[in-house]
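Engineer: Structure supplied as start28.pdb; contents: PDB, C-alpha atoms.
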```pdb
ATOM      1  CA  MET A   1       9.268   2.079  12.186  1.00  0.00           C
ATOM      2  CA  ASP A   2      11.568   0.970   9.385  1.00  0.00           C
ATOM      3  CA  GLY A   3      13.292   3.205   6.866  1.00  0.00           C
ATOM      4  CA  ARG A   4      15.665   6.130   6.726  1.00  0.00           C
ATOM      5  CA  SER A   5      15.526   9.243   8.886  1.00  0.00           C
ATOM      6  CA  PHE A   6      14.546  12.461   7.163  1.00  0.00           C
ATOM      7  CA  ALA A   7      15.661  14.631  10.085  1.00  0.00           C
ATOM      8  CA  SER A   8      18.508  16.094   8.019  1.00  0.00           C
ATOM      9  CA  ILE A   9      15.961  17.388   5.504  1.00  0.00           C
ATOM     10  CA  LEU A  10      13.809  18.933   8.231  1.00  0.00           C
ATOM     11  CA  LEU A  11      16.826  20.610   9.788  1.00  0.00           C
ATOM     12  CA  SER A  12      18.312  21.928   6.528  1.00  0.00           C
ATOM     13  CA  GLU A  13      18.008  25.327   4.928  1.00  0.00           C
ATOM     14  CA  PRO A  14      14.665  25.586   3.077  1.00  0.00           C
ATOM     15  CA  SER A  15      16.471  26.408  -0.184  1.00  0.00           C
ATOM     16  CA  LYS A  16      18.342  23.061  -0.054  1.00  0.00           C
ATOM     17  CA  VAL A  17      15.387  20.738   0.607  1.00  0.00           C
ATOM     18  CA  GLY A  18      14.806  19.924  -3.070  1.00  0.00           C
ATOM     19  CA  THR A  19      18.425  18.904  -3.572  1.00  0.00           C
ATOM     20  CA  TYR A  20      18.273  15.798  -1.335  1.00  0.00           C
ATOM     21  CA  PRO A  21      17.841  12.421  -3.027  1.00  0.00           C
ATOM     22  CA  TRP A  22      14.815  10.837  -1.436  1.00  0.00           C
ATOM     23  CA  ARG A  23      12.401   7.984  -1.833  1.00  0.00           C
ATOM     24  CA  ASP A  24       9.726   8.083  -4.496  1.00  0.00           C
ATOM     25  CA  ALA A  25       7.281   5.694  -2.803  1.00  0.00           C
ATOM     26  CA  ILE A  26       5.828   5.054   0.615  1.00  0.00           C
ATOM     27  CA  LEU A  27       4.236   1.893   2.005  1.00  0.00           C
ATOM     28  CA  ILE A  28       0.751   2.068   3.533  1.00  0.00           C
ATOM     29  CA  GLU A  29      -0.682  -0.900   5.454  1.00  0.00           C
ATOM     30  CA  TRP A  30      -4.082  -1.692   6.950  1.00  0.00           C
ATOM     31  CA  THR A  31      -5.194  -4.760   8.865  1.00  0.00           C
ATOM     32  CA  THR A  32      -8.791  -5.516   9.728  1.00  0.00           C
ATOM     33  CA  ASP A  33      -9.831  -4.896  13.321  1.00  0.00           C
ATOM     34  CA  HIS A  34      -9.668  -8.456  14.675  1.00  0.00           C
ATOM     35  CA  ASP A  35     -11.976  -7.705  17.614  1.00  0.00           C
ATOM     36  CA  ASP A  36     -14.692  -6.313  15.349  1.00  0.00           C
ATOM     37  CA  ALA A  37     -14.516  -9.349  13.073  1.00  0.00           C
ATOM     38  CA  ALA A  38     -14.642 -11.754  16.038  1.00  0.00           C
ATOM     39  CA  LYS A  39     -17.669  -9.991  17.543  1.00  0.00           C
ATOM     40  CA  HIS A  40     -19.478 -10.167  14.211  1.00  0.00           C
ATOM     41  CA  ALA A  41     -18.722 -13.903  13.911  1.00  0.00           C
ATOM     42  CA  GLU A  42     -20.331 -14.435  17.326  1.00  0.00           C
ATOM     43  CA  ASN A  43     -23.378 -12.325  16.477  1.00  0.00           C
ATOM     44  CA  PRO A  44     -23.998 -12.055  12.701  1.00  0.00           C
ATOM     45  CA  LEU A  45     -26.776  -9.509  13.267  1.00  0.00           C
ATOM     46  CA  SER A  46     -24.351  -7.042  14.795  1.00  0.00           C
ATOM     47  CA  VAL A  47     -23.016  -4.131  12.761  1.00  0.00           C
ATOM     48  CA  MET A  48     -19.613  -4.952  11.370  1.00  0.00           C
ATOM     49  CA  ILE A  49     -17.382  -1.962  10.771  1.00  0.00           C
ATOM     50  CA  ASP A  50     -14.680  -3.834   8.873  1.00  0.00           C
ATOM     51  CA  THR A  51     -14.405  -7.104   6.936  1.00  0.00           C
ATOM     52  CA  PHE A  52     -11.833  -9.895   6.923  1.00  0.00           C
ATOM     53  CA  ASN A  53     -10.750  -9.175   3.352  1.00  0.00           C
ATOM     54  CA  ASN A  54     -10.058  -5.489   3.978  1.00  0.00           C
ATOM     55  CA  THR A  55      -6.431  -6.131   4.860  1.00  0.00           C
ATOM     56  CA  TYR A  56      -4.185  -4.428   2.356  1.00  0.00           C
ATOM     57  CA  ARG A  57      -0.791  -3.047   1.567  1.00  0.00           C
ATOM     58  CA  SER A  58      -0.388  -0.088  -0.768  1.00  0.00           C
ATOM     59  CA  LEU A  59       2.344   1.898  -2.407  1.00  0.00           C
ATOM     60  CA  ARG A  60       1.937   5.597  -3.071  1.00  0.00           C
ATOM     61  CA  ILE A  61       4.396   6.363  -5.871  1.00  0.00           C
ATOM     62  CA  ILE A  62       5.472   9.653  -7.410  1.00  0.00           C
ATOM     63  CA  ASN A  63       8.329   9.458  -9.899  1.00  0.00           C
ATOM     64  CA  GLU A  64       9.146  10.358 -13.478  1.00  0.00           C
ATOM     65  CA  SER A  65       9.170   6.843 -14.926  1.00  0.00           C
ATOM     66  CA  LEU A  66       6.045   5.399 -13.256  1.00  0.00           C
ATOM     67  CA  GLY A  67       4.088   8.603 -12.697  1.00  0.00           C
ATOM     68  CA  ASN A  68       1.692   9.492  -9.883  1.00  0.00           C
ATOM     69  CA  LEU A  69       0.236   6.141  -8.817  1.00  0.00           C
ATOM     70  CA  ALA A  70      -1.595   4.424  -5.986  1.00  0.00           C
ATOM     71  CA  TYR A  71      -1.186   0.617  -6.057  1.00  0.00           C
ATOM     72  CA  SER A  72      -2.838  -1.784  -3.581  1.00  0.00           C
ATOM     73  CA  GLU A  73      -3.053  -5.528  -2.894  1.00  0.00           C
ATOM     74  CA  PHE A  74      -5.901  -6.941  -0.746  1.00  0.00           C
ATOM     75  CA  VAL A  75      -5.996 -10.231   1.184  1.00  0.00           C
ATOM     76  CA  ASP A  76      -8.107 -12.033   3.788  1.00  0.00           C
ATOM     77  CA  TYR A  77      -5.940 -11.854   6.917  1.00  0.00           C
ATOM     78  CA  ARG A  78      -7.398 -15.094   8.304  1.00  0.00           C
ATOM     79  CA  LYS A  79      -5.924 -17.114   5.436  1.00  0.00           C
ATOM     80  CA  ASN A  80      -3.144 -15.060   3.955  1.00  0.00           C
ATOM     81  CA  TRP A  81      -1.189 -12.857   6.319  1.00  0.00           C
ATOM     82  CA  HIS A  82       1.928 -12.779   4.130  1.00  0.00           C
ATOM     83  CA  PHE A  83       0.283 -11.626   0.879  1.00  0.00           C
ATOM     84  CA  GLU A  84       0.985 -14.832  -1.058  1.00  0.00           C
ATOM     85  CA  ASN A  85      -2.476 -15.100  -2.660  1.00  0.00           C
ATOM     86  CA  ILE A  86      -3.805 -11.668  -3.496  1.00  0.00           C
ATOM     87  CA  LEU A  87      -7.612 -11.411  -3.677  1.00  0.00           C
ATOM     88  CA  GLU A  88      -7.800  -8.051  -5.392  1.00  0.00           C
ATOM     89  CA  TYR A  89      -5.508  -5.486  -6.973  1.00  0.00           C
ATOM     90  CA  GLU A  90      -6.090  -1.778  -7.404  1.00  0.00           C
ATOM     91  CA  LEU A  91      -4.107   0.712  -9.458  1.00  0.00           C
ATOM     92  CA  PHE A  92      -4.987   4.357  -9.927  1.00  0.00           C
ATOM     93  CA  ASP A  93      -3.316   7.077 -11.999  1.00  0.00           C
ATOM     94  CA  LEU A  94      -3.808   9.990  -9.614  1.00  0.00           C
ATOM     95  CA  ASP A  95      -3.038  12.640 -12.241  1.00  0.00           C
ATOM     96  CA  LYS A  96      -6.002  11.457 -14.333  1.00  0.00           C
ATOM     97  CA  ASP A  97      -8.184  10.050 -11.532  1.00  0.00           C
ATOM     98  CA  PRO A  98      -7.461  11.878  -8.237  1.00  0.00           C
ATOM     99  CA  TYR A  99     -10.579  10.459  -6.547  1.00  0.00           C
ATOM    100  CA  GLU A 100      -9.615   6.838  -7.331  1.00  0.00           C
ATOM    101  CA  LEU A 101     -12.829   6.007  -9.176  1.00  0.00           C
ATOM    102  CA  HIS A 102     -11.418   3.954 -12.078  1.00  0.00           C
ATOM    103  CA  ASN A 103      -9.237   0.959 -11.267  1.00  0.00           C
ATOM    104  CA  ILE A 104      -6.823   0.611 -14.192  1.00  0.00           C
ATOM    105  CA  TYR A 105      -5.103  -2.548 -12.915  1.00  0.00           C
ATOM    106  CA  PRO A 106      -6.935  -4.942 -15.280  1.00  0.00           C
ATOM    107  CA  GLN A 107      -5.721  -2.977 -18.318  1.00  0.00           C
ATOM    108  CA  ALA A 108      -2.193  -2.295 -17.027  1.00  0.00           C
ATOM    109  CA  PRO A 109       0.724  -3.869 -18.932  1.00  0.00           C
ATOM    110  CA  ALA A 110       2.127  -7.088 -17.433  1.00  0.00           C
ATOM    111  CA  ASP A 111       5.592  -5.550 -16.998  1.00  0.00           C
ATOM    112  CA  LEU A 112       4.131  -2.671 -14.933  1.00  0.00           C
ATOM    113  CA  LYS A 113       2.186  -5.138 -12.757  1.00  0.00           C
ATOM    114  CA  LYS A 114       5.387  -7.097 -12.170  1.00  0.00           C
ATOM    115  CA  VAL A 115       7.386  -3.978 -11.225  1.00  0.00           C
ATOM    116  CA  LEU A 116       4.677  -2.784  -8.810  1.00  0.00           C
ATOM    117  CA  HIS A 117       4.347  -6.192  -7.121  1.00  0.00           C
ATOM    118  CA  GLU A 118       8.131  -6.483  -6.717  1.00  0.00           C
ATOM    119  CA  ARG A 119       8.401  -2.971  -5.264  1.00  0.00           C
ATOM    120  CA  ILE A 120       5.553  -3.428  -2.780  1.00  0.00           C
ATOM    121  CA  SER A 121       7.027  -6.773  -1.690  1.00  0.00           C
ATOM    122  CA  GLU A 122      10.416  -5.119  -1.184  1.00  0.00           C
ATOM    123  CA  TYR A 123       8.907  -2.373   0.985  1.00  0.00           C
ATOM    124  CA  TYR A 124       6.712  -4.829   2.918  1.00  0.00           C
ATOM    125  CA  THR A 125       9.554  -7.202   3.847  1.00  0.00           C
ATOM    126  CA  CYS A 126      12.430  -4.776   4.461  1.00  0.00           C
ATOM    127  CA  GLN A 127      13.731  -3.991   7.942  1.00  0.00           C
ATOM    128  CA  GLY A 128      15.617  -1.049   9.378  1.00  0.00           C
ATOM    129  CA  ASN A 129      18.099   0.718   7.138  1.00  0.00           C
ATOM    130  CA  SER A 130      17.634  -1.872   4.351  1.00  0.00           C
ATOM    131  CA  CYS A 131      14.337  -0.201   3.474  1.00  0.00           C
ATOM    132  CA  PRO A 132      14.255   1.968   0.352  1.00  0.00           C
TER     133      PRO A 132
END
```
Translate the structure described by the file into structure tokens.
Structural biologist:
Amino acid sequence: MDGRSFASILLSEPSKVGTYPWRDAILIEWTTDHDDAAKHAENPLSVMIDTFNNTYRSLRIINESLGNLAYSEFVDYRKNWHFENILEYELFDLDKDPYELHNIYPQAPADLKKVLHERISEYYTCQGNSCP
């Protein structure tokens, strides 16, 4: 697992926990179950639990400038493992839409889309202590 240890926060006095500078986003990744997809390709009448294009990376962000957001990029893992050609984007304002029912990505400003894509790419490609 890449990133910084938060052991010092866990081991600190409870009254000091809020004083530590810490990250404001976390990367979430999901890759389709390759075995399930292969079995379905062999027998199209079988029940498929997951689909090829349900591979995604997401950022869960909570900070003062961007707000309380969930941002995701979806790809088809068979063609696009490195997230070069995104099939679908999702963006939710979790203060206004906690159940993620209204994707606001299409209406989001271009500069916000750019910032979110750059941040998720940074988190996705970092290694070890270089991770935010």
Engineer: Identify all residues satisfying the PyMOL selection byres ((chain A and resi 68) around 10) in the given file; provide them as a count of residues only.
Structural biologist: 18
Engineer: Go through the shown structure with the PyMOL selection byres ((chain A and resi 30) around 6) and write out the matching residues as a ChimeraX atom specification.
Structural biologist: /A:29,31,55-56
Engineer: Using atom CA of Asp97 of chain A and atom CA of Ser58 of chain A as the two end points, give the distance in Å to one decimal.
Structural biologist: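 Here the two named atoms are 16.7 Å from each other.
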Engineer: Do you know which residues are at most 10 Å from segment 116-132 of chain A counting all atoms listed in the file, after dropping those on the same chain fewer than 3 positions away, and could you put them as a PyMOL selection string?
Structural biologist: chain A and resi 1-5+22-29+57-61+66+69-73+82-83+89+91+110-113
Engineer: Grab the atom CA of Asn103 of chain A to atom CA of Glu84 of chain A distance for me, in Å with one decimal place.
Structural biologist: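 Calculated distance between atom CA of Asn103 of chain A and atom CA of Glu84 of chain A is 21.4 Å.
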